[in-house]
Amino acid sequence: MIAFLPLCCHPNPKKVLIVGGGDGGVSREVVKHPLVEEVYQVEIDDRVIELSKKYLPTMACGFNDKKLNLVVGDGFEYMRTNQRKFDVIITDSSDPIGPAISLFQEDYYKLMKNSLREGGIICSQGGSFWLDYTYIKKQMLNCSIHFPRVAYAVTSVPSYPCGQIGFVIGCLDKSSDFKDPVTKFSSSEIDAMNLKYYSSKIHSSAFTLPRWIEKNFYENENPI
């Protein structure tokens with residue numbers, strides 16, 4: 001979901017940047033999208049990559065695709081030196097504790113904006129509203145400083161606390177309708193890509209939130 005939600009909202013996601021995601025799972029999914037031509041992944045910890053290849057081979061297989069260019073380094077520095085280059089930027093990070101907290105702050109959203117081409121889209125791990133909805137709202141406000149269109153989407157992840165996790169998504173195109181994917185795949189196409197969870201229906205439903213969360217996140221703002 002962290003891969004296909006932003007990819008299917010973009011009309012032509014040719015060039016994608018992944019920040020983090022050292023287990024290889026996000027890259028495994030991103031390269032499946034037929035419109036994606038190049039994927040650049042920046043992971044700061046080479047040990048994570050090494051151990052994922054050894055112990056999580058079904059996820060780390062994403063590192064083997066010819067579309068992928070893997071860089072061991074600092075995502076901040078990489079984006080500072082690669083501006084206006086990407087159609088989609090995906091941040092697959094841990095929770096906002098310790099060093100990862102910098103990936104949830106306003107200056108990070110500014111950095112991502114500057115690395116995007118016109119109409120670009122970002123998608124970041126957003127935590128669960130059951131755990132701390134006020135922090136998610138702060139993330140969305142930080143994102144909205146630089147992106148005219150911002151939304152929060154949810155998905156089920158049994159291994160994550162509460163069994164649910166979300167994503168903060170921003171787009172430079174203010175007319176973008178996140179609920180309605182630009183690219184829709186047939187059942188046969190989904191099966192051919194081995195997508196076990198994502199579908200166009202799941203995509204749209206991901207943006208339908210409980211009423212109390214919708215009011216907290218979008219009160220006095222334009223609906224998604």
# chains A, B, ... in the order shown; residues from 1 in each chain; ligands from 1
call {"tool": "residues_around", "arguments": {"residues": "Asn12 in chain A", "least_positions_apart": "5", "cutoff": "8 Å", "atoms": "only C-alpha atoms", "output": "count of residues only"}}
result
3
call {"tool": "closest_atom_pairs", "arguments": {"of": "range 15-37 of chain A", "to": "range 118-141 of chain A", "cutoff": "12 Å", "atoms": "only C-alpha atoms", "output": "CSV"}}
result
residue,atom,partner,partner_atom,distance
A:Lys15,CA,A:Gly120,CA,10.2
A:Val16,CA,A:Ile121,CA,9.8
A:Leu17,CA,A:Ile122,CA,9.4
A:Ile18,CA,A:Cys123,CA,9.7
A:Val19,CA,A:Ser124,CA,9.3
A:Gly20,CA,A:Ser124,CA,10.4
A:Gly21,CA,A:Gln125,CA,10.6
A:Val26,CA,A:Gln125,CA,11.6
call {"tool": "residues_around", "arguments": {"residues": "Asp107 in chain A", "least_positions_apart": "5", "cutoff": "10 Å", "atoms": "only C-alpha atoms", "output": "list in words"}}
result
Ser102, Met112, Lys113, Asn142, Cys143, Ile145 and His146 of chain A
call {"tool": "select_by_dssp", "arguments": {"residues": "range 25-127 of chain A", "states": "strand (DSSP E or B)", "output": "NGL selection string"}}
result
:A and (38-43 or 68-72 or 86-92 or 116-127)
call {"tool": "write_last_selection", "arguments": {"atoms": "C-alpha atoms", "output": "PDB file, in the first residue's frame"}}
result
ATOM      1  CA  GLU A  38      13.828   3.813 -12.577  1.00  0.00           C
ATOM      2  CA  VAL A  39      13.909   3.334  -8.809  1.00  0.00           C
ATOM      3  CA  TYR A  40      16.500   4.895  -6.522  1.00  0.00           C
ATOM      4  CA  GLN A  41      16.627   3.664  -2.946  1.00  0.00           C
ATOM      5  CA  VAL A  42      18.678   5.327  -0.219  1.00  0.00           C
ATOM      6  CA  GLU A  43      19.182   3.300   2.969  1.00  0.00           C
ATOM      7  CA  LEU A  68      16.621  -0.522  -8.876  1.00  0.00           C
ATOM      8  CA  ASN A  69      19.639   1.611  -8.028  1.00  0.00           C
ATOM      9  CA  LEU A  70      20.554   1.030  -4.373  1.00  0.00           C
ATOM     10  CA  VAL A  71      22.533   3.689  -2.503  1.00  0.00           C
ATOM     11  CA  VAL A  72      23.856   3.328   1.035  1.00  0.00           C
ATOM     12  CA  PHE A  86      11.546  12.336  -9.082  1.00  0.00           C
ATOM     13  CA  ASP A  87       7.871  11.735  -9.770  1.00  0.00           C
ATOM     14  CA  VAL A  88       7.186   9.887  -6.523  1.00  0.00           C
ATOM     15  CA  ILE A  89       9.079   9.799  -3.212  1.00  0.00           C
ATOM     16  CA  ILE A  90       8.258   7.078  -0.676  1.00  0.00           C
ATOM     17  CA  THR A  91       9.614   7.208   2.872  1.00  0.00           C
ATOM     18  CA  ASP A  92       9.547   3.833   4.602  1.00  0.00           C
ATOM     19  CA  LEU A 116      10.013  16.303  -7.030  1.00  0.00           C
ATOM     20  CA  ARG A 117       9.125  17.085 -10.605  1.00  0.00           C
ATOM     21  CA  GLU A 118       5.952  18.973 -11.450  1.00  0.00           C
ATOM     22  CA  GLY A 119       2.879  17.172 -10.134  1.00  0.00           C
ATOM     23  CA  GLY A 120       4.986  14.949  -7.889  1.00  0.00           C
ATOM     24  CA  ILE A 121       3.629  12.860  -5.024  1.00  0.00           C
ATOM     25  CA  ILE A 122       5.080  11.828  -1.679  1.00  0.00           C
ATOM     26  CA  CYS A 123       4.007   9.047   0.662  1.00  0.00           C
ATOM     27  CA  SER A 124       5.393   8.552   4.172  1.00  0.00           C
ATOM     28  CA  GLN A 125       4.787   6.138   6.996  1.00  0.00           C
ATOM     29  CA  GLY A 126       2.235   7.907   9.168  1.00  0.00           C
ATOM     30  CA  GLY A 127       1.609   5.749  12.214  1.00  0.00           C
TER      31      GLY A 127
END
call {"tool": "select_by_dssp", "arguments": {"residues": "chain A", "states": "alpha helix (DSSP H)", "output": "JSON, numbers by chain"}}
result
{"A": [4, 5, 6, 7, 8, 9, 25, 26, 27, 28, 29, 30, 46, 47, 48, 49, 50, 51, 52, 53, 54, 55, 57, 58, 59, 60, 75, 76, 77, 78, 79, 80, 106, 107, 108, 109, 110, 111, 112, 113, 114, 115, 129, 130, 131, 132, 133, 134, 135, 136, 137, 138, 139, 140, 141, 142, 143, 144, 187, 188, 189, 190, 191, 192, 200, 201, 202, 203, 204, 205, 211, 212, 213, 214, 215, 216, 217, 218]}
call {"tool": "residues_around", "arguments": {"residues": "range 51-63 of chain A", "least_positions_apart": "3", "cutoff": "8 Å", "atoms": "only C-alpha atoms", "output": "JSON, numbers by chain"}}
result
{"A": [22, 23, 24, 25, 26, 27, 28, 29, 31, 47, 48, 68, 70]}
call {"tool": "write_last_selection", "arguments": {"atoms": "N, CA and C atoms", "output": "short mmCIF file (atom, residue, chain, number, x, y, z; two decimals), in the first residue's frame"}}
result
data_model
loop_
_atom_site.label_atom_id
_atom_site.label_comp_id
_atom_site.auth_asym_id
_atom_site.auth_seq_id
_atom_site.Cartn_x
_atom_site.Cartn_y
_atom_site.Cartn_z
N GLY A 22 14.99 -0.61 4.20
CA GLY A 22 16.15 -1.48 4.07
C GLY A 22 15.85 -2.96 4.00
N ASP A 23 14.60 -3.36 4.30
CA ASP A 23 14.26 -4.78 4.18
C ASP A 23 13.98 -5.19 2.74
N GLY A 24 13.80 -4.20 1.86
CA GLY A 24 13.59 -4.48 0.44
C GLY A 24 12.14 -4.64 0.02
N GLY A 25 11.22 -4.63 0.98
CA GLY A 25 9.81 -4.86 0.66
C GLY A 25 9.20 -3.80 -0.23
N VAL A 26 9.51 -2.53 0.03
CA VAL A 26 8.93 -1.45 -0.78
C VAL A 26 9.47 -1.48 -2.20
N SER A 27 10.77 -1.68 -2.34
CA SER A 27 11.35 -1.75 -3.69
C SER A 27 10.79 -2.95 -4.45
N ARG A 28 10.57 -4.05 -3.77
CA ARG A 28 9.97 -5.23 -4.40
C ARG A 28 8.63 -4.89 -5.04
N GLU A 29 7.84 -4.07 -4.36
CA GLU A 29 6.52 -3.71 -4.87
C GLU A 29 6.58 -2.60 -5.91
N VAL A 31 8.85 -1.80 -8.12
CA VAL A 31 9.31 -2.22 -9.45
C VAL A 31 8.25 -3.00 -10.22
N ARG A 47 23.95 -2.61 7.13
CA ARG A 47 23.75 -3.84 7.90
C ARG A 47 22.30 -4.33 7.78
N VAL A 48 21.35 -3.41 7.71
CA VAL A 48 19.95 -3.77 7.54
C VAL A 48 19.76 -4.51 6.21
N LEU A 68 16.21 -1.10 -10.15
CA LEU A 68 16.62 -0.52 -8.88
C LEU A 68 18.08 -0.10 -8.85
N LEU A 70 20.48 0.99 -5.84
CA LEU A 70 20.55 1.03 -4.37
C LEU A 70 21.76 1.85 -3.92
#
call {"tool": "residues_around", "arguments": {"residues": "Ser186 in chain A", "least_positions_apart": "3", "cutoff": "10 Å", "atoms": "only C-alpha atoms", "output": "list of chain:residue names"}}
result
A:Glu189, A:Ile190, A:Asp191, A:Ala192, A:Ser199, A:Ser200
call {"tool": "closest_residue", "arguments": {"among": "A:Tyr78, A:Lys215, A:Leu172, A:Ile202", "to": "Phe4 in chain A", "atoms": "only C-alpha atoms"}}
result
A:Ile202
call {"tool": "closest_residue", "arguments": {"among": "A:Ser156, A:Leu111, A:Ile213, A:Gln164", "to": "Tyr197 in chain A", "atoms": "only C-alpha atoms"}}
result
A:Ser156
call {"tool": "atom_distance", "arguments": {"atom1": "CA of Leu5 in chain A", "atom2": "CA of Leu195 in chain A"}}
result
12.6 Å
call {"tool": "closest_residue", "arguments": {"among": "A:Lys184, A:Lys196, A:Lys201, A:Lys67", "to": "Cys9 in chain A", "atoms": "only C-alpha atoms"}}
result
A:Lys184
